[in-house]
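Data block for upload32.pdb (PDB, C-alpha atoms):
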```
ATOM      1  CA  MET A1035     -51.941  -0.237   8.914
ATOM      2  CA  ALA A1036     -49.176  -1.534  11.153
ATOM      3  CA  TYR A1037     -45.792  -2.438   9.659
ATOM      4  CA  ARG A1038     -45.180  -6.147   9.153
ATOM      5  CA  LEU A1039     -41.686  -6.458  10.582
ATOM      6  CA  PRO A1040     -39.612  -9.447  11.628
ATOM      7  CA  PRO A1041     -38.188  -9.369  15.180
ATOM      8  CA  LEU A1042     -35.727  -6.466  15.048
ATOM      9  CA  LYS A1043     -33.123  -8.272  17.155
ATOM     10  CA  THR A1044     -32.861 -10.969  14.511
ATOM     11  CA  LEU A1045     -31.945  -8.373  11.885
ATOM     12  CA  ARG A1046     -28.865  -7.354  13.907
ATOM     13  CA  LEU A1047     -27.898 -11.005  14.191
ATOM     14  CA  PHE A1048     -28.314 -11.508  10.445
ATOM     15  CA  GLU A1049     -26.227  -8.455   9.518
ATOM     16  CA  ALA A1050     -23.372  -9.398  11.877
ATOM     17  CA  ALA A1051     -23.360 -13.077  10.854
ATOM     18  CA  ALA A1052     -23.375 -12.136   7.163
ATOM     19  CA  ARG A1053     -20.558  -9.609   7.607
ATOM     20  CA  HIS A1054     -18.354 -12.109   9.438
ATOM     21  CA  ALA A1055     -19.555 -15.189   7.541
ATOM     22  CA  SER A1056     -19.560 -16.785  10.980
ATOM     23  CA  PHE A1057     -22.078 -17.282  13.779
ATOM     24  CA  LYS A1058     -19.197 -17.521  16.255
ATOM     25  CA  LYS A1059     -17.640 -14.175  15.299
ATOM     26  CA  ALA A1060     -21.058 -12.510  15.243
ATOM     27  CA  ALA A1061     -21.664 -13.870  18.747
ATOM     28  CA  GLU A1062     -18.346 -12.445  19.961
ATOM     29  CA  GLU A1063     -19.207  -9.019  18.548
ATOM     30  CA  LEU A1064     -22.693  -8.980  20.071
ATOM     31  CA  ALA A1065     -21.728 -10.595  23.410
ATOM     32  CA  LEU A1066     -23.956 -13.632  22.791
ATOM     33  CA  THR A1067     -23.414 -17.343  22.399
ATOM     34  CA  PRO A1068     -23.123 -18.897  18.930
ATOM     35  CA  SER A1069     -26.223 -20.961  19.649
ATOM     36  CA  ALA A1070     -28.188 -17.780  20.432
ATOM     37  CA  VAL A1071     -27.115 -16.313  17.092
ATOM     38  CA  SER A1072     -28.003 -19.521  15.261
ATOM     39  CA  HIS A1073     -31.414 -19.651  16.959
ATOM     40  CA  GLY A1074     -32.083 -16.000  16.085
ATOM     41  CA  ILE A1075     -31.181 -16.556  12.440
ATOM     42  CA  GLN A1076     -33.475 -19.573  12.345
ATOM     43  CA  THR A1077     -36.284 -17.431  13.796
ATOM     44  CA  LEU A1078     -35.754 -14.839  11.038
ATOM     45  CA  GLU A1079     -35.651 -17.489   8.321
ATOM     46  CA  ASP A1080     -38.870 -19.036   9.666
ATOM     47  CA  TRP A1081     -40.548 -15.613   9.681
ATOM     48  CA  LEU A1082     -39.428 -14.905   6.113
ATOM     49  CA  GLY A1083     -40.114 -18.392   4.865
ATOM     50  CA  ALA A1084     -36.751 -18.391   3.105
ATOM     51  CA  LYS A1085     -33.214 -19.563   3.813
ATOM     52  CA  LEU A1086     -30.641 -16.797   4.222
ATOM     53  CA  PHE A1087     -27.552 -18.923   4.822
ATOM     54  CA  ALA A1088     -26.192 -22.107   3.319
ATOM     55  CA  ARG A1089     -24.686 -24.073   6.178
ATOM     56  CA  GLY A1090     -21.905 -26.502   5.379
ATOM     57  CA  PRO A1091     -19.156 -28.310   7.333
ATOM     58  CA  GLY A1092     -17.000 -25.469   8.689
ATOM     59  CA  ALA A1093     -18.462 -22.994   6.196
ATOM     60  CA  LEU A1094     -21.235 -20.414   6.164
ATOM     61  CA  SER A1095     -22.339 -18.499   3.072
ATOM     62  CA  LEU A1096     -25.288 -16.397   2.018
ATOM     63  CA  THR A1097     -27.939 -17.810  -0.251
ATOM     64  CA  GLU A1098     -29.145 -15.786  -3.229
ATOM     65  CA  GLY A1099     -31.977 -14.492  -1.049
ATOM     66  CA  GLY A1100     -29.529 -13.601   1.721
ATOM     67  CA  ARG A1101     -27.280 -11.683  -0.690
ATOM     68  CA  ASP A1102     -30.271  -9.672  -1.894
ATOM     69  CA  TYR A1103     -31.566  -9.057   1.644
ATOM     70  CA  LEU A1104     -28.276  -7.992   3.262
ATOM     71  CA  PRO A1105     -27.634  -4.523   1.725
ATOM     72  CA  LYS A1106     -31.257  -3.504   2.317
ATOM     73  CA  ILE A1107     -31.187  -4.561   5.962
ATOM     74  CA  ARG A1108     -27.764  -2.975   6.494
ATOM     75  CA  ALA A1109     -29.035   0.338   5.072
ATOM     76  CA  ALA A1110     -32.177   0.146   7.226
ATOM     77  CA  LEU A1111     -30.182  -0.504  10.426
ATOM     78  CA  GLU A1112     -27.846   2.374   9.613
ATOM     79  CA  THR A1113     -30.818   4.686   9.040
ATOM     80  CA  ILE A1114     -32.314   3.714  12.388
ATOM     81  CA  ALA A1115     -28.988   4.205  14.178
ATOM     82  CA  ARG A1116     -28.349   7.626  12.605
ATOM     83  CA  ALA A1117     -31.911   8.770  13.272
ATOM     84  CA  SER A1118     -31.615   7.726  16.905
ATOM     85  CA  GLU A1119     -28.269   9.520  17.313
ATOM     86  CA  GLY A1120     -29.664  12.735  15.882
ATOM     87  CA  VAL A1121     -32.881  13.082  17.892
ATOM     88  CA  PRO A1122     -32.996  16.752  19.031
ATOM     89  CA  GLY A1123     -32.891  17.236  22.778
ATOM     90  CA  ARG A1124     -31.630  13.748  23.466
ATOM     91  CA  ARG A1125     -30.420  13.729  27.065
ATOM     92  CA  ALA A1126     -26.894  12.756  27.969
ATOM     93  CA  ASN A1127     -26.287   9.186  29.081
ATOM     94  CA  GLY A1128     -22.845   9.891  30.512
ATOM     95  CA  LYS A1129     -21.033   7.379  28.282
ATOM     96  CA  LEU A1130     -18.554   7.990  25.460
ATOM     97  CA  THR A1131     -16.639   5.471  23.323
ATOM     98  CA  VAL A1132     -13.548   6.785  21.558
ATOM     99  CA  SER A1133     -11.668   4.841  18.861
ATOM    100  CA  VAL A1134      -7.957   5.579  18.684
ATOM    101  CA  ALA A1135      -4.818   3.841  17.405
ATOM    102  CA  PRO A1136      -2.867   2.150  20.243
ATOM    103  CA  THR A1137       0.302   4.266  20.124
ATOM    104  CA  PHE A1138      -1.593   7.540  19.700
ATOM    105  CA  GLY A1139      -3.846   6.598  22.594
ATOM    106  CA  MET A1140      -0.883   5.713  24.806
ATOM    107  CA  ARG A1141       1.340   8.653  23.879
ATOM    108  CA  TRP A1142      -1.089  11.534  23.416
ATOM    109  CA  LEU A1143      -4.622  10.834  24.572
ATOM    110  CA  ALA A1144      -4.253   8.749  27.732
ATOM    111  CA  PRO A1145      -1.848  11.198  29.476
ATOM    112  CA  ASN A1146      -4.442  13.940  29.077
ATOM    113  CA  LEU A1147      -7.591  12.016  30.034
ATOM    114  CA  ALA A1148      -7.324  12.968  33.697
ATOM    115  CA  LYS A1149      -7.868  16.588  32.631
ATOM    116  CA  PHE A1150     -11.011  15.607  30.752
ATOM    117  CA  GLY A1151     -12.235  13.735  33.821
ATOM    118  CA  GLU A1152     -11.711  16.834  35.952
ATOM    119  CA  ALA A1153     -13.648  19.000  33.509
ATOM    120  CA  HIS A1154     -16.417  16.416  32.898
ATOM    121  CA  PRO A1155     -16.630  14.099  35.920
ATOM    122  CA  GLY A1156     -20.006  12.746  34.825
ATOM    123  CA  ILE A1157     -18.765  11.207  31.551
ATOM    124  CA  GLU A1158     -17.442   7.656  31.480
ATOM    125  CA  ILE A1159     -14.966   7.083  28.625
ATOM    126  CA  THR A1160     -14.186   3.781  26.921
ATOM    127  CA  LEU A1161     -11.130   3.675  24.641
ATOM    128  CA  ASP A1162     -11.283   1.293  21.673
ATOM    129  CA  THR A1163      -7.705   0.629  20.494
ATOM    130  CA  SER A1164      -8.437  -2.194  18.072
ATOM    131  CA  GLN A1165      -6.294  -2.098  14.941
ATOM    132  CA  ARG A1166      -9.092  -1.285  12.519
ATOM    133  CA  GLN A1167     -10.957   1.680  11.136
ATOM    134  CA  VAL A1168     -14.366   1.660  12.797
ATOM    135  CA  GLU A1169     -17.507   2.219  10.798
ATOM    136  CA  PHE A1170     -20.044   4.787  11.982
ATOM    137  CA  PRO A1171     -22.635   4.168  13.317
ATOM    138  CA  ARG A1172     -22.494   0.375  13.083
ATOM    139  CA  ASP A1173     -19.611  -0.221  15.502
ATOM    140  CA  GLY A1174     -21.122   1.617  18.449
ATOM    141  CA  VAL A1175     -18.265   4.149  18.579
ATOM    142  CA  ASP A1176     -19.117   7.795  19.230
ATOM    143  CA  VAL A1177     -15.962   9.512  18.035
ATOM    144  CA  ALA A1178     -12.589   8.482  16.575
ATOM    145  CA  ILE A1179      -9.160   9.988  16.116
ATOM    146  CA  ARG A1180      -7.917   9.013  12.662
ATOM    147  CA  LEU A1181      -4.807   9.590  10.631
ATOM    148  CA  GLY A1182      -5.604  10.650   7.081
ATOM    149  CA  ARG A1183      -6.505  13.578   4.873
ATOM    150  CA  GLY A1184      -9.930  14.358   6.347
ATOM    151  CA  ASP A1185     -11.856  13.202   3.302
ATOM    152  CA  TRP A1186     -14.178  10.602   4.835
ATOM    153  CA  PRO A1187     -17.645  10.754   3.218
ATOM    154  CA  ASP A1188     -20.623  11.521   5.452
ATOM    155  CA  LEU A1189     -18.442  12.202   8.514
ATOM    156  CA  THR A1190     -17.529  15.388  10.331
ATOM    157  CA  ALA A1191     -13.732  15.758  10.617
ATOM    158  CA  THR A1192     -11.960  18.324  12.800
ATOM    159  CA  LEU A1193      -8.225  18.855  12.164
ATOM    160  CA  LEU A1194      -6.087  18.323  15.268
ATOM    161  CA  PHE A1195      -2.489  18.488  14.022
ATOM    162  CA  HIS A1196      -0.248  17.402  11.187
ATOM    163  CA  GLU A1197       2.253  14.583  11.318
ATOM    164  CA  TRP A1198       5.944  15.021  10.546
ATOM    165  CA  LEU A1199       8.090  12.248   9.068
ATOM    166  CA  VAL A1200      11.804  11.546   9.397
ATOM    167  CA  PRO A1201      13.839   8.316   9.180
ATOM    168  CA  VAL A1202      15.027   7.114  12.601
ATOM    169  CA  ALA A1203      17.556   4.533  13.699
ATOM    170  CA  SER A1204      19.634   3.439  16.664
ATOM    171  CA  PRO A1205      22.626   5.702  17.331
ATOM    172  CA  ALA A1206      24.995   3.007  15.980
ATOM    173  CA  ILE A1207      23.183   2.703  12.640
ATOM    174  CA  ALA A1208      22.570   6.454  12.416
ATOM    175  CA  ALA A1209      26.331   7.044  12.546
ATOM    176  CA  GLU A1210      26.629   5.157   9.239
ATOM    177  CA  ILE A1211      23.946   7.142   7.382
ATOM    178  CA  ARG A1212      25.238  10.118   5.431
ATOM    179  CA  SER A1213      23.065  10.018   2.290
ATOM    180  CA  VAL A1214      19.836   8.529   0.969
ATOM    181  CA  ALA A1215      21.870   5.804  -0.743
ATOM    182  CA  ASP A1216      23.074   4.618   2.679
ATOM    183  CA  LEU A1217      19.481   3.770   3.631
ATOM    184  CA  ASP A1218      19.519   0.856   1.185
ATOM    185  CA  ARG A1219      22.100  -0.969   3.338
ATOM    186  CA  PHE A1220      19.583  -1.478   6.147
ATOM    187  CA  ALA A1221      16.171  -3.134   6.417
ATOM    188  CA  PRO A1222      13.237  -0.708   6.226
ATOM    189  CA  ILE A1223      10.799  -1.139   9.101
ATOM    190  CA  ARG A1224       7.204  -0.919   7.900
ATOM    191  CA  ILE A1225       4.002  -0.531   9.909
ATOM    192  CA  SER A1226       1.176  -2.735   8.635
ATOM    193  CA  THR A1227      -1.446  -0.036   9.213
ATOM    194  CA  ALA A1228       0.632   2.698   7.517
ATOM    195  CA  ARG A1229       2.582   0.916   4.809
ATOM    196  CA  ASP A1230       2.973   4.049   2.685
ATOM    197  CA  ASP A1231       5.173   5.824   5.282
ATOM    198  CA  TRP A1232       8.413   5.177   3.402
ATOM    199  CA  ASP A1233       6.913   6.095   0.040
ATOM    200  CA  SER A1234       5.490   9.277   1.541
ATOM    201  CA  TRP A1235       8.807  10.338   3.060
ATOM    202  CA  ARG A1236      10.752   9.613  -0.138
ATOM    203  CA  GLU A1237       8.245  11.639  -2.149
ATOM    204  CA  LEU A1238       8.391  14.565   0.274
ATOM    205  CA  ALA A1239      12.210  14.423   0.361
ATOM    206  CA  GLY A1240      12.533  14.066  -3.412
ATOM    207  CA  ALA A1241      14.445  10.845  -2.793
ATOM    208  CA  PRO A1242      14.490   7.851  -5.185
ATOM    209  CA  GLN A1243      12.804   4.605  -4.267
ATOM    210  CA  ALA A1244      14.803   1.896  -2.508
ATOM    211  CA  GLY A1245      17.274   0.000  -4.676
ATOM    212  CA  PRO A1246      17.031  -3.719  -5.531
ATOM    213  CA  GLY A1247      19.752  -4.653  -3.022
ATOM    214  CA  THR A1248      17.864  -3.310   0.002
ATOM    215  CA  PRO A1249      17.385  -5.993   2.710
ATOM    216  CA  PRO A1250      13.846  -7.377   3.149
ATOM    217  CA  ALA A1251      11.493  -5.183   5.181
ATOM    218  CA  ARG A1252      10.737  -5.823   8.843
ATOM    219  CA  ASN A1253       6.952  -5.640   9.235
ATOM    220  CA  VAL A1254       5.363  -4.624  12.546
ATOM    221  CA  ASP A1255       1.837  -3.671  13.588
ATOM    222  CA  SER A1256       2.275  -0.393  15.484
ATOM    223  CA  ILE A1257       4.354   2.766  15.762
ATOM    224  CA  PHE A1258       5.545   1.555  19.154
ATOM    225  CA  MET A1259       6.894  -1.708  17.709
ATOM    226  CA  ALA A1260       8.540   0.149  14.821
ATOM    227  CA  CYS A1261      10.352   2.363  17.316
ATOM    228  CA  GLU A1262      11.405  -0.592  19.488
ATOM    229  CA  THR A1263      12.705  -2.485  16.460
ATOM    230  CA  ALA A1264      14.710   0.517  15.288
ATOM    231  CA  ALA A1265      16.094   1.147  18.785
ATOM    232  CA  ALA A1266      17.292  -2.478  18.930
ATOM    233  CA  GLY A1267      19.208  -2.039  15.666
ATOM    234  CA  GLY A1268      16.697  -3.981  13.578
ATOM    235  CA  GLY A1269      16.613  -1.481  10.732
ATOM    236  CA  ILE A1270      15.425   2.035   9.947
ATOM    237  CA  ALA A1271      11.879   3.220  10.622
ATOM    238  CA  ILE A1272       9.981   6.311   9.640
ATOM    239  CA  GLY A1273       9.677   8.377  12.787
ATOM    240  CA  ARG A1274       6.302   9.987  13.180
ATOM    241  CA  LEU A1275       6.253  13.175  15.205
ATOM    242  CA  PRO A1276       5.048  14.204  17.693
ATOM    243  CA  LEU A1277       4.551  10.593  18.835
ATOM    244  CA  MET A1278       8.277   9.726  19.015
ATOM    245  CA  GLN A1279       9.508  12.754  20.938
ATOM    246  CA  ALA A1280      10.092  10.685  24.087
ATOM    247  CA  GLU A1281      12.455   8.311  22.252
ATOM    248  CA  PHE A1282      14.394  11.236  20.831
ATOM    249  CA  ALA A1283      14.719  12.786  24.287
ATOM    250  CA  GLN A1284      16.027   9.484  25.670
ATOM    251  CA  GLY A1285      18.426   8.977  22.750
ATOM    252  CA  ARG A1286      17.094   5.470  22.044
ATOM    253  CA  VAL A1287      16.549   6.414  18.397
ATOM    254  CA  VAL A1288      17.844   9.428  16.542
ATOM    255  CA  PRO A1289      16.708  11.070  13.296
ATOM    256  CA  VAL A1290      18.762  10.679  10.139
ATOM    257  CA  LEU A1291      18.600  12.747   6.950
ATOM    258  CA  GLY A1292      16.442  15.367   8.681
ATOM    259  CA  PRO A1293      14.863  17.776   9.221
ATOM    260  CA  PRO A1294      11.365  16.252   9.631
ATOM    261  CA  LEU A1295       9.015  16.822   6.710
ATOM    262  CA  ARG A1296       5.322  17.576   7.119
ATOM    263  CA  SER A1297       3.200  14.678   5.914
ATOM    264  CA  LEU A1298       0.142  15.080   3.736
ATOM    265  CA  SER A1299      -1.730  13.174   6.452
ATOM    266  CA  ALA A1300      -2.860  14.605   9.763
ATOM    267  CA  TYR A1301      -4.722  13.558  12.890
ATOM    268  CA  TRP A1302      -8.441  14.295  12.777
ATOM    269  CA  LEU A1303     -11.284  14.017  15.264
ATOM    270  CA  VAL A1304     -14.038  12.187  13.387
ATOM    271  CA  SER A1305     -17.671  11.395  14.075
ATOM    272  CA  SER A1306     -20.984  11.099  12.318
ATOM    273  CA  ARG A1307     -22.869  14.353  11.897
ATOM    274  CA  GLU A1308     -25.713  12.994  14.004
ATOM    275  CA  ALA A1309     -23.436  11.995  16.906
ATOM    276  CA  MET A1310     -21.936  15.490  17.051
ATOM    277  CA  ALA A1311     -25.228  16.670  18.554
ATOM    278  CA  ARG A1312     -24.779  14.413  21.596
ATOM    279  CA  PRO A1313     -23.653  16.363  24.706
ATOM    280  CA  GLU A1314     -20.828  13.904  25.460
ATOM    281  CA  VAL A1315     -19.420  14.116  21.925
ATOM    282  CA  ALA A1316     -19.680  17.905  21.868
ATOM    283  CA  ALA A1317     -17.889  18.108  25.230
ATOM    284  CA  PHE A1318     -15.092  15.799  24.100
ATOM    285  CA  ARG A1319     -14.630  17.677  20.827
ATOM    286  CA  ALA A1320     -14.414  21.032  22.628
ATOM    287  CA  TRP A1321     -11.929  19.610  25.148
ATOM    288  CA  VAL A1322      -9.648  18.025  22.544
ATOM    289  CA  LYS A1323      -9.478  21.315  20.647
ATOM    290  CA  THR A1324      -8.100  23.003  23.791
ATOM    291  CA  LEU A1325      -5.099  20.631  23.689
ATOM    292  CA  VAL A1326      -4.139  21.535  20.130
ATOM    293  CA  LYS A1327      -1.573  24.286  19.796
ATOM    294  CA  PRO A1328      -0.329  26.083  16.678
ATOM    295  CA  GLN A1329       2.101  23.640  15.070
ATOM    296  CA  ARG A1330       5.624  24.286  13.900
ATOM    297  CA  ARG A1331       8.255  21.823  12.762
ATOM    298  CA  PRO A1332       9.063  19.652  15.808
ATOM    299  CA  PRO A1333      12.538  20.319  17.186
ATOM    300  CA  VAL A1334      14.753  17.212  17.074
ATOM    301  CA  SER A1335      18.499  16.647  17.226
ATOM    302  CA  ARG A1336      20.051  15.506  13.944
ATOM    303  CA  ALA A1337      22.402  12.557  13.948
TER     304      ALA A1337
END
```
Show me the file's structure as structure tokens.
Amino acid sequence: MAYRLPPLKTLRLFEAAARHASFKKAAEELALTPSAVSHGIQTLEDWLGAKLFARGPGALSLTEGGRDYLPKIRAALETIARASEGVPGRRANGKLTVSVAPTFGMRWLAPNLAKFGEAHPGIEITLDTSQRQVEFPRDGVDVAIRLGRGDWPDLTATLLFHEWLVPVASPAIAAEIRSVADLDRFAPIRISTARDDWDSWRELAGAPQAGPGTPPARNVDSIFMACETAAAGGGIAIGRLPLMQAEFAQGRVVPVLGPPLRSLSAYWLVSSREAMARPEVAAFRAWVKTLVKPQRRPPVSRA
């Protein structure tokens, strides 16, 4: 007996609209118009004979039936996506989407991509540098480079290299830093996507937490902005090596209270187990591993 299934396209629309609590945001994600999403949801509700969303002025929320339906549909879509990724003998389609943090992509990956293109001219790469941790396989990303400890459930993680931490400041501020206590005179610069940097460095250095008189933090959204803020004298940032080597070489920021300490976090190449079987993913993984060299403490000049 044939399966009684609603139109499969409408299930994608439902999952995206429920996740965003917005037809407009779901439309942006799926490259559709909000009216197309609304029409698709209506088609699904008509097929089911039940309302999935409560629509109010400027608000969208799931009904009781929608809340019950969502996790089951999400699990089913993920099963279909993983099964499709892992089909043995699946031929290459020549496309690869890589998720990477903006500064890492700019400083480490992008300068090397020409070499990948020379080795694999038939693969078209798309870099996703959105400031979020993508979800496999829902987000349509094949492979990601993540900073962490490699303990992501259900994913394959390949260690690339460790990160090293050291406080950095403009040369003028660095000249005033002689002890950990001196740090409390200047604003700490914090990165929104790595807010534990300062805590991590203090723990590794055996240093006490910041005192109550420390100026308010300067919050930025990337390593690049943290470095620019420090270089302009806006406070002290945690330098993350090897991504700040260029600034050290130029003398725009200098390390204080070194030497750099190896973080508990590292950069990892991450993908779903099913995607690893794809020729493009396997080729990219093998290529990235050729760039990784045995790692020692990065050499930097101390202020």
So which residues fall inside 12 Å of (-0.7, 15.1, 8.3) if we count all atoms listed in the file? Mind giving them as a ChimeraX atom specification? /A:1180-1184,1193-1199,1231,1234-1235,1274-1276,1295-1302,1329
What separation in Å, quoted to one decimal, exists between atom CA of A:Met1259 and atom CA of A:Val1200?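 A separation of 16.4 Å between them.
Coordinates place atom CA of A:Ala1135 at a distance of 7.6 Å from atom CA of A:Ile1179.
Those DNA, RNA and protein residues that approach the point (5.8, 3.4, 1.1) to within 12 Å, considering all atoms listed in the file, are Pro1222, Ile1223, Arg1224, Ile1225, Ser1226, Thr1227, Ala1228, Arg1229, Asp1230, Asp1231, Trp1232, Asp1233, Ser1234, Trp1235, Arg1236, Glu1237, Leu1238, Pro1242, Gln1243, Ala1244, Ala1251, Ala1271 and Ile1272 of chain A.
Using only C-alpha atoms for every distance, the candidate list A:Ala1265, A:Arg1219, A:Glu1112, A:Arg1166 yields A:Arg1219 as the residue closest to A:Thr1248.
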Taking the file as shown, what set of residues would the PyMOL selection byres ((chain A and resi 1142) around 12) give back, as a ChimeraX atom specification? /A:1134-1141,1143-1147,1179,1194-1195,1275-1280,1301,1322,1325-1326
Pairwise distance for atom CA of A:Leu1039 and atom CA of A:Arg1116, rounded to one decimal in Å: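 Here the two named atoms are 19.5 Å from each other.
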Applied to the shown file, which residues does the PyMOL selection byres ((chain A and resi 1202-1213) around 10) return, written as a ChimeraX atom specification? /A:1199-1201,1214-1220,1223,1260-1274,1278,1282,1285-1292,1336-1337
Those residues you just picked out, can you put them in a file as a tab-separated table (two decimals), keeping the file's coordinate frame with C-alpha atoms?
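The result, stored in out.tsv:
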```
chain	number	residue	atom	x	y	z
A	1199	LEU	CA	8.09	12.25	9.07
A	1200	VAL	CA	11.80	11.55	9.40
A	1201	PRO	CA	13.84	8.32	9.18
A	1214	VAL	CA	19.84	8.53	0.97
A	1215	ALA	CA	21.87	5.80	-0.74
A	1216	ASP	CA	23.07	4.62	2.68
A	1217	LEU	CA	19.48	3.77	3.63
A	1218	ASP	CA	19.52	0.86	1.18
A	1219	ARG	CA	22.10	-0.97	3.34
A	1220	PHE	CA	19.58	-1.48	6.15
A	1223	ILE	CA	10.80	-1.14	9.10
A	1260	ALA	CA	8.54	0.15	14.82
A	1261	CYS	CA	10.35	2.36	17.32
A	1262	GLU	CA	11.40	-0.59	19.49
A	1263	THR	CA	12.70	-2.48	16.46
A	1264	ALA	CA	14.71	0.52	15.29
A	1265	ALA	CA	16.09	1.15	18.78
A	1266	ALA	CA	17.29	-2.48	18.93
A	1267	GLY	CA	19.21	-2.04	15.67
A	1268	GLY	CA	16.70	-3.98	13.58
A	1269	GLY	CA	16.61	-1.48	10.73
A	1270	ILE	CA	15.42	2.04	9.95
A	1271	ALA	CA	11.88	3.22	10.62
A	1272	ILE	CA	9.98	6.31	9.64
A	1273	GLY	CA	9.68	8.38	12.79
A	1274	ARG	CA	6.30	9.99	13.18
A	1278	MET	CA	8.28	9.73	19.02
A	1282	PHE	CA	14.39	11.24	20.83
A	1285	GLY	CA	18.43	8.98	22.75
A	1286	ARG	CA	17.09	5.47	22.04
A	1287	VAL	CA	16.55	6.41	18.40
A	1288	VAL	CA	17.84	9.43	16.54
A	1289	PRO	CA	16.71	11.07	13.30
A	1290	VAL	CA	18.76	10.68	10.14
A	1291	LEU	CA	18.60	12.75	6.95
A	1292	GLY	CA	16.44	15.37	8.68
A	1336	ARG	CA	20.05	15.51	13.94
A	1337	ALA	CA	22.40	12.56	13.95
```
Because some atoms of stretch 1197-1211 of chain A are absent here, can you restore N, CA and C atoms and send them as a compact mmCIF listing (two decimals), keeping the file's coordinate frame?
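The file below, selection-v8.txt, is the result:
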```txt
# COMPACT_ATOMS: atom_id res chain seq x y z
N GLU A 1197 1.21 15.52 10.95
CA GLU A 1197 2.25 14.58 11.32
C GLU A 1197 3.51 14.94 10.53
N TRP A 1198 4.66 14.74 11.18
CA TRP A 1198 5.94 15.02 10.55
C TRP A 1198 6.75 13.72 10.46
N LEU A 1199 7.39 13.50 9.33
CA LEU A 1199 8.09 12.25 9.07
C LEU A 1199 9.59 12.47 8.94
N VAL A 1200 10.35 11.53 9.52
CA VAL A 1200 11.80 11.55 9.40
C VAL A 1200 12.31 10.13 9.66
N PRO A 1201 13.27 9.63 8.88
CA PRO A 1201 13.84 8.32 9.18
C PRO A 1201 14.53 8.34 10.55
N VAL A 1202 14.41 7.21 11.28
CA VAL A 1202 15.03 7.11 12.60
C VAL A 1202 15.72 5.76 12.72
N ALA A 1203 16.78 5.75 13.51
CA ALA A 1203 17.56 4.53 13.70
C ALA A 1203 18.24 4.58 15.06
N SER A 1204 18.82 3.46 15.44
CA SER A 1204 19.63 3.44 16.66
C SER A 1204 20.85 4.33 16.44
N PRO A 1205 21.44 4.85 17.51
CA PRO A 1205 22.63 5.70 17.33
C PRO A 1205 23.74 5.02 16.52
N ALA A 1206 23.93 3.70 16.70
CA ALA A 1206 25.00 3.01 15.98
C ALA A 1206 24.74 3.00 14.48
N ILE A 1207 23.50 2.70 14.07
CA ILE A 1207 23.18 2.70 12.64
C ILE A 1207 23.17 4.13 12.10
N ALA A 1208 22.65 5.06 12.88
CA ALA A 1208 22.57 6.45 12.42
C ALA A 1208 23.95 7.01 12.08
N ALA A 1209 24.98 6.55 12.79
CA ALA A 1209 26.33 7.04 12.55
C ALA A 1209 26.84 6.64 11.17
N GLU A 1210 26.20 5.63 10.56
CA GLU A 1210 26.63 5.16 9.24
C GLU A 1210 25.82 5.76 8.10
N ILE A 1211 24.82 6.58 8.42
CA ILE A 1211 23.95 7.14 7.38
C ILE A 1211 24.39 8.57 7.07
```
